[in-house]
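Dumped input07.cif below, it's mmCIF, C-alpha atoms:
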data_my_file
loop_
_atom_site.label_atom_id
_atom_site.label_comp_id
_atom_site.auth_asym_id
_atom_site.auth_seq_id
_atom_site.Cartn_x
_atom_site.Cartn_y
_atom_site.Cartn_z
CA MET H 6 13.57 -17.36 -7.38
CA GLN H 7 10.19 -16.11 -6.17
CA THR H 8 8.22 -12.88 -6.60
CA PHE H 9 6.89 -11.03 -3.56
CA PHE H 10 4.57 -8.04 -3.20
CA SER H 11 3.95 -5.37 -0.62
CA ALA H 12 2.79 -1.76 -0.34
CA ASP H 13 2.55 1.14 2.07
CA HIS H 14 5.61 0.50 4.19
CA HIS H 15 5.59 4.22 5.10
CA ALA H 16 8.96 3.56 6.71
CA TYR H 17 10.07 6.36 9.06
CA HIS H 18 6.54 7.85 8.99
CA ALA H 19 5.77 8.71 12.60
CA ASN H 20 2.12 9.60 12.10
CA CYS H 21 1.44 6.41 10.16
CA ILE H 22 2.20 4.50 13.36
CA ILE H 23 -0.62 6.46 15.02
CA PHE H 24 -3.08 6.52 12.10
CA GLU H 25 -2.84 2.77 11.45
CA ASN H 26 -2.26 1.74 15.08
CA ARG H 27 0.83 -0.21 14.10
CA PRO H 28 1.95 -2.77 16.69
CA VAL H 29 5.01 -0.78 17.82
CA LEU H 30 2.69 1.81 19.40
CA LYS H 31 2.51 1.41 23.18
CA LYS H 32 0.23 2.69 25.90
CA GLY H 33 1.45 6.05 27.14
CA ASP H 34 3.20 6.99 23.88
CA LEU H 35 0.62 9.68 23.10
CA ASP H 36 -0.69 12.63 25.06
CA LYS H 37 -4.38 13.51 25.50
CA ASP H 38 -4.37 15.21 22.08
CA GLY H 39 -3.08 12.09 20.36
CA LYS H 40 0.43 13.44 19.82
CA TRP H 41 3.78 11.94 20.79
CA VAL H 42 4.67 12.59 24.40
CA SER H 43 8.31 13.24 23.46
CA ILE H 44 10.72 13.33 20.54
CA LYS H 45 12.63 10.46 22.16
CA ILE H 46 9.57 8.18 22.25
CA ARG H 47 8.68 9.14 18.71
CA LYS H 48 12.19 8.21 17.50
CA GLN H 49 12.10 4.90 19.38
CA ARG H 50 8.79 3.91 17.81
CA ILE H 51 9.94 4.90 14.32
CA ASP H 52 13.07 2.78 14.73
CA ALA H 53 10.99 -0.12 16.03
CA MET H 54 8.63 0.06 13.05
CA VAL H 55 11.49 0.15 10.56
CA GLU H 56 13.21 -2.82 12.19
CA LEU H 57 9.92 -4.75 12.19
CA LEU H 58 9.38 -4.12 8.47
CA ILE H 59 12.96 -5.05 7.57
CA HIS H 60 12.98 -8.18 9.74
CA ASN H 61 9.65 -9.44 8.38
CA HIS H 62 10.71 -8.68 4.80
CA ASN H 63 14.01 -10.55 5.06
CA GLN H 64 12.34 -13.51 6.76
CA ARG H 65 10.50 -14.17 3.51
CA VAL H 66 12.37 -12.48 0.65
CA LYS H 67 15.78 -13.89 -0.26
CA LYS H 68 18.55 -12.08 -2.10
CA ASP H 69 17.73 -13.63 -5.50
CA ASP H 70 13.96 -12.98 -5.23
CA ILE H 71 12.02 -10.17 -6.90
CA PHE H 72 10.27 -7.68 -4.65
CA ILE H 73 7.54 -5.39 -6.04
CA HIS H 74 6.57 -2.53 -3.74
CA ASN H 75 3.28 -0.94 -4.76
CA GLY H 76 3.68 2.65 -3.59
CA ASP H 77 4.49 4.76 -0.50
CA LEU H 78 7.79 3.21 0.52
CA ILE H 79 9.23 5.76 2.97
CA PHE H 80 8.43 9.11 4.55
CA ARG H 81 11.25 11.49 5.34
CA SER H 82 11.83 14.87 6.96
CA ALA H 83 14.95 17.02 6.69
CA ASN H 84 14.95 18.08 10.35
CA ASN H 85 13.85 14.77 11.93
CA ARG H 86 10.97 16.61 13.60
CA GLY H 87 8.26 16.35 10.98
CA ASN H 88 6.43 13.18 10.04
CA GLY H 89 9.60 11.39 8.97
CA GLU H 90 13.34 11.00 9.46
CA ASN H 91 16.31 12.37 7.52
CA ILE H 92 16.95 9.18 5.58
CA LYS H 93 17.85 8.30 1.99
CA VAL H 94 15.75 5.79 0.08
CA SER H 95 18.91 3.87 -0.83
CA GLU H 96 19.78 3.42 2.87
CA TYR H 97 16.44 1.74 3.48
CA LEU H 98 16.42 -0.35 0.31
CA LYS H 99 19.90 -1.76 0.84
CA ARG H 100 18.61 -3.46 4.01
CA LEU H 101 15.76 -5.16 2.12
CA ASN H 102 16.56 -8.41 0.34
CA GLY H 103 15.73 -8.96 -3.31
CA THR H 104 15.73 -7.11 -6.60
CA HIS H 105 13.43 -4.14 -6.03
CA ILE H 106 10.75 -2.91 -8.42
CA LEU H 107 9.13 0.27 -7.10
CA ILE H 108 5.74 1.56 -8.23
CA ASN H 109 4.80 5.18 -7.65
CA GLY H 110 2.53 5.96 -4.73
CA ASN H 111 1.06 9.33 -3.88
CA HIS H 112 3.84 10.08 -1.35
CA ASP H 113 6.85 8.70 -3.20
CA SER H 114 8.01 11.54 -5.44
CA LYS H 115 8.02 13.93 -2.46
CA ASN H 116 10.12 11.49 -0.43
CA GLY H 117 12.98 10.72 -2.75
CA VAL H 118 11.68 7.55 -4.43
CA LYS H 119 12.85 7.84 -8.02
CA THR H 120 10.79 5.51 -10.17
CA LYS H 121 9.03 6.05 -13.48
CA ILE H 122 6.74 3.05 -13.03
CA ASN H 123 3.12 4.03 -12.39
CA HIS H 124 1.70 0.54 -12.86
CA LEU H 125 2.67 -2.95 -13.96
CA VAL H 126 0.85 -5.66 -15.88
CA LEU H 127 1.88 -9.20 -14.96
CA ALA H 128 1.02 -12.56 -16.48
CA GLY H 129 -1.07 -14.71 -14.18
CA PRO H 130 -2.20 -18.31 -14.74
CA GLY H 131 -4.53 -17.72 -17.69
CA PHE H 132 -5.21 -14.06 -16.95
CA GLN H 133 -3.41 -10.76 -16.50
CA ILE H 134 -2.83 -8.86 -13.26
CA LYS H 135 -2.60 -5.10 -12.92
CA VAL H 136 -0.49 -3.67 -10.10
CA VAL H 137 -1.28 -0.02 -9.28
CA HIS H 138 -1.16 1.98 -6.06
CA LYS H 139 -4.61 3.57 -5.82
CA PRO H 140 -7.75 1.46 -6.23
CA ILE H 141 -9.37 4.31 -8.13
CA HIS H 142 -6.82 3.56 -10.89
CA ALA H 143 -7.76 -0.12 -11.03
CA ASN H 144 -9.04 -1.56 -14.29
CA PRO H 145 -11.82 -4.20 -14.26
CA SER H 146 -10.65 -5.48 -17.64
CA TYR H 147 -8.01 -7.28 -15.58
CA SER H 148 -9.34 -10.18 -13.51
CA LEU H 149 -7.13 -9.17 -10.60
CA ASN H 150 -5.89 -5.74 -9.50
CA LEU H 151 -3.24 -5.53 -6.79
CA ILE H 152 -3.56 -2.22 -4.98
CA GLY H 153 -2.31 -0.34 -1.93
CA HIS H 154 -3.16 3.08 -0.50
CA VAL H 155 -6.10 2.01 1.69
CA HIS H 156 -3.92 0.60 4.51
CA ASN H 157 -6.14 -1.41 6.90
CA ALA H 158 -9.50 -0.12 5.61
CA TRP H 159 -10.11 -3.38 3.74
CA LYS H 160 -8.20 -6.41 2.44
CA MET H 161 -10.15 -7.31 -0.66
CA MET H 162 -13.15 -5.97 -2.50
CA SER H 163 -14.88 -6.65 -5.80
CA PHE H 164 -14.58 -3.91 -8.37
CA LYS H 165 -18.38 -3.64 -8.51
CA ASP H 166 -18.59 -3.00 -4.76
CA TYR H 167 -15.82 -0.42 -4.97
CA TYR H 168 -17.58 1.27 -7.91
CA ASN H 169 -20.81 1.52 -5.89
CA ILE H 170 -18.95 3.06 -2.95
CA LYS H 171 -17.49 5.70 -5.26
CA LYS H 172 -20.98 6.45 -6.63
CA GLN H 173 -22.22 7.05 -3.09
CA GLU H 174 -19.30 9.40 -2.42
CA LEU H 175 -20.54 11.72 -5.15
CA GLN H 176 -23.45 12.59 -2.85
CA LYS H 177 -21.10 13.93 -0.17
CA THR H 178 -20.38 17.64 0.10
CA ASP H 179 -17.47 17.53 2.54
CA LEU H 180 -14.92 15.97 0.18
CA PRO H 181 -12.25 17.97 -1.68
CA ILE H 182 -13.25 19.13 -5.17
CA HIS H 183 -10.18 17.59 -6.82
CA TYR H 184 -11.02 14.22 -5.27
CA LEU H 185 -14.68 14.38 -6.32
CA ASN H 186 -13.56 15.22 -9.86
CA SER H 187 -11.39 12.10 -9.95
CA VAL H 188 -14.35 10.06 -8.67
CA LYS H 189 -16.58 11.49 -11.42
CA GLN H 190 -14.01 10.51 -14.03
CA PHE H 191 -13.81 7.01 -12.55
CA ILE H 192 -17.61 6.59 -12.56
CA GLU H 193 -17.92 7.87 -16.12
CA ARG H 194 -15.17 5.62 -17.40
CA TRP H 195 -16.57 2.37 -16.03
CA LYS H 196 -20.34 2.94 -15.95
CA HIS H 197 -20.97 0.56 -18.88
CA HIS H 198 -18.40 -2.06 -17.89
CA LYS H 199 -19.93 -5.48 -17.24
CA ARG H 200 -17.03 -7.59 -15.95
CA ASP H 201 -16.06 -7.87 -12.31
CA SER H 202 -12.56 -7.98 -10.88
CA LEU H 203 -10.92 -8.53 -7.52
CA LEU H 204 -9.15 -5.60 -5.87
CA LEU H 205 -6.59 -7.16 -3.53
CA ASN H 206 -4.87 -4.90 -1.03
CA ILE H 207 -1.22 -6.00 -0.77
CA GLY H 208 -0.31 -3.39 1.85
CA VAL H 209 1.58 -4.44 4.98
CA ASP H 210 -1.20 -3.31 7.33
CA VAL H 211 -3.45 -6.23 6.30
CA HIS H 212 -0.74 -8.87 5.84
CA ASN H 213 0.92 -8.96 9.27
CA TYR H 214 3.53 -6.44 8.11
CA MET H 215 5.00 -9.01 5.73
CA PRO H 216 5.32 -9.28 1.96
CA ILE H 217 3.14 -11.86 0.23
CA SER H 218 4.24 -14.22 -2.53
CA PHE H 219 2.89 -14.51 -6.05
CA GLU H 220 1.55 -17.97 -5.16
CA GLU H 221 -0.31 -16.57 -2.16
CA VAL H 222 -1.82 -13.85 -4.32
CA ILE H 223 -3.12 -16.43 -6.79
CA CYS H 224 -4.53 -18.58 -3.97
CA MET H 225 -6.43 -15.61 -2.55
CA TYR H 226 -7.77 -14.77 -6.00
CA ASN H 227 -8.86 -18.36 -6.70
CA LYS H 228 -10.63 -18.55 -3.33
CA TRP H 229 -12.46 -15.28 -4.02
CA ARG H 230 -13.46 -16.41 -7.50
CA LYS H 231 -14.78 -19.73 -6.16
CA GLU H 232 -16.78 -18.00 -3.40
CA ASN H 233 -18.22 -15.48 -5.87
CA ALA H 234 -18.80 -17.75 -8.85
#
Encoding of this model in structure tokens:
Amino acid sequence: MQTFFSADHHAYHANCIIFENRPVLKKGDLDKDGKWVSIKIRKQRIDAMVELLIHNHNQRVKKDDIFIHNGDLIFRSANNRGNGENIKVSEYLKRLNGTHILINGNHDSKNGVKTKINHLVLAGPGFQIKVVHKPIHANPSYSLNLIGHVHNAWKMMSFKDYYNIKKQELQKTDLPIHYLNSVKQFIERWKHHKRDSLLLNIGVDVHNYMPISFEEVICMYNKWRKENA
């Protein structure tokens, strides 16, 4: 039995295909305004994305493995014309191998994902690992934080670098007030913290649309630690 991780499937999310330039998107799928040229094409690309995610998942994860999904599993729409499809979470999950542990992402509660888990703490080899969807909820007291939410913006980042980016964001005036307030809270909470930590993005967009194993996570962490010793 192995443990695998992933995040940000955004299954059935039509606009995610566009925003993240997922590989199912083809030339001619979008009009000059960046919108789908037809409902038929949109549906075909959604189906292709879902089949890609399921195929890649089942290539790696076996039925007796544990699968931890770190937020934003699916995106649904009641009329099949919004950003998602009229699909039940259970219909998607039953096609994914493994015992599923779902962590809340910012889209999940609105899309039928019923989980009360907001974060996990796992035992690593001599250290603990926090698994949480948004990097702004990471905790540098843990040597390694597994995050999602950022899609293909970056694969890994030190907590110190992420903290400095958030400090710079406070100077911006075009960001929503509620977001800036959360950044202020983040900065205030960790301003005296001395330890560093690795934030590792486990989302599909930076891992070839495949889940990654616990062993691979530890290898990436050990390589980062060696390079930043």
Using all atoms listed in the file, find all polymer residues with an atom at most 9 Å away from the point (13.2, -5.9, -7.8); report them as a PyMOL selection string. chain H and resi 8+70-74+103-107
Can you list, as number ranges by chain, every protein, DNA or RNA residue that comes within 12 Å of Lys32 in chain H when you count all atoms listed in the file, leaving out same-chain residues fewer than 4 positions away? H: 23, 26, 28, 36-37, 39, 41-42, 46, 50
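Across the model, the gap from CA of Ile79 in chain H to CA of His14 in chain H is 6.5 Å.
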Please list as a PDB file with C-alpha atoms, in the frame of the given file every residue within 8 Å of Leu185 in chain H, counting all atoms listed in the file and excluding residues in the same chain fewer than 5 positions away.
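Result went into selection.pdb, see below:
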ATOM      1  CA  GLU H 174     -19.300   9.400  -2.420  1.00  0.00           C
ATOM      2  CA  LEU H 175     -20.540  11.720  -5.150  1.00  0.00           C
ATOM      3  CA  LEU H 180     -14.920  15.970   0.180  1.00  0.00           C
TER       4      LEU H 180
END
Closest to Lys171 in chain H among H:His60, H:Lys189, H:Lys119, H:His156, using all atoms listed in the file?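 Under the stated criterion, the closest residue is H:Lys189.
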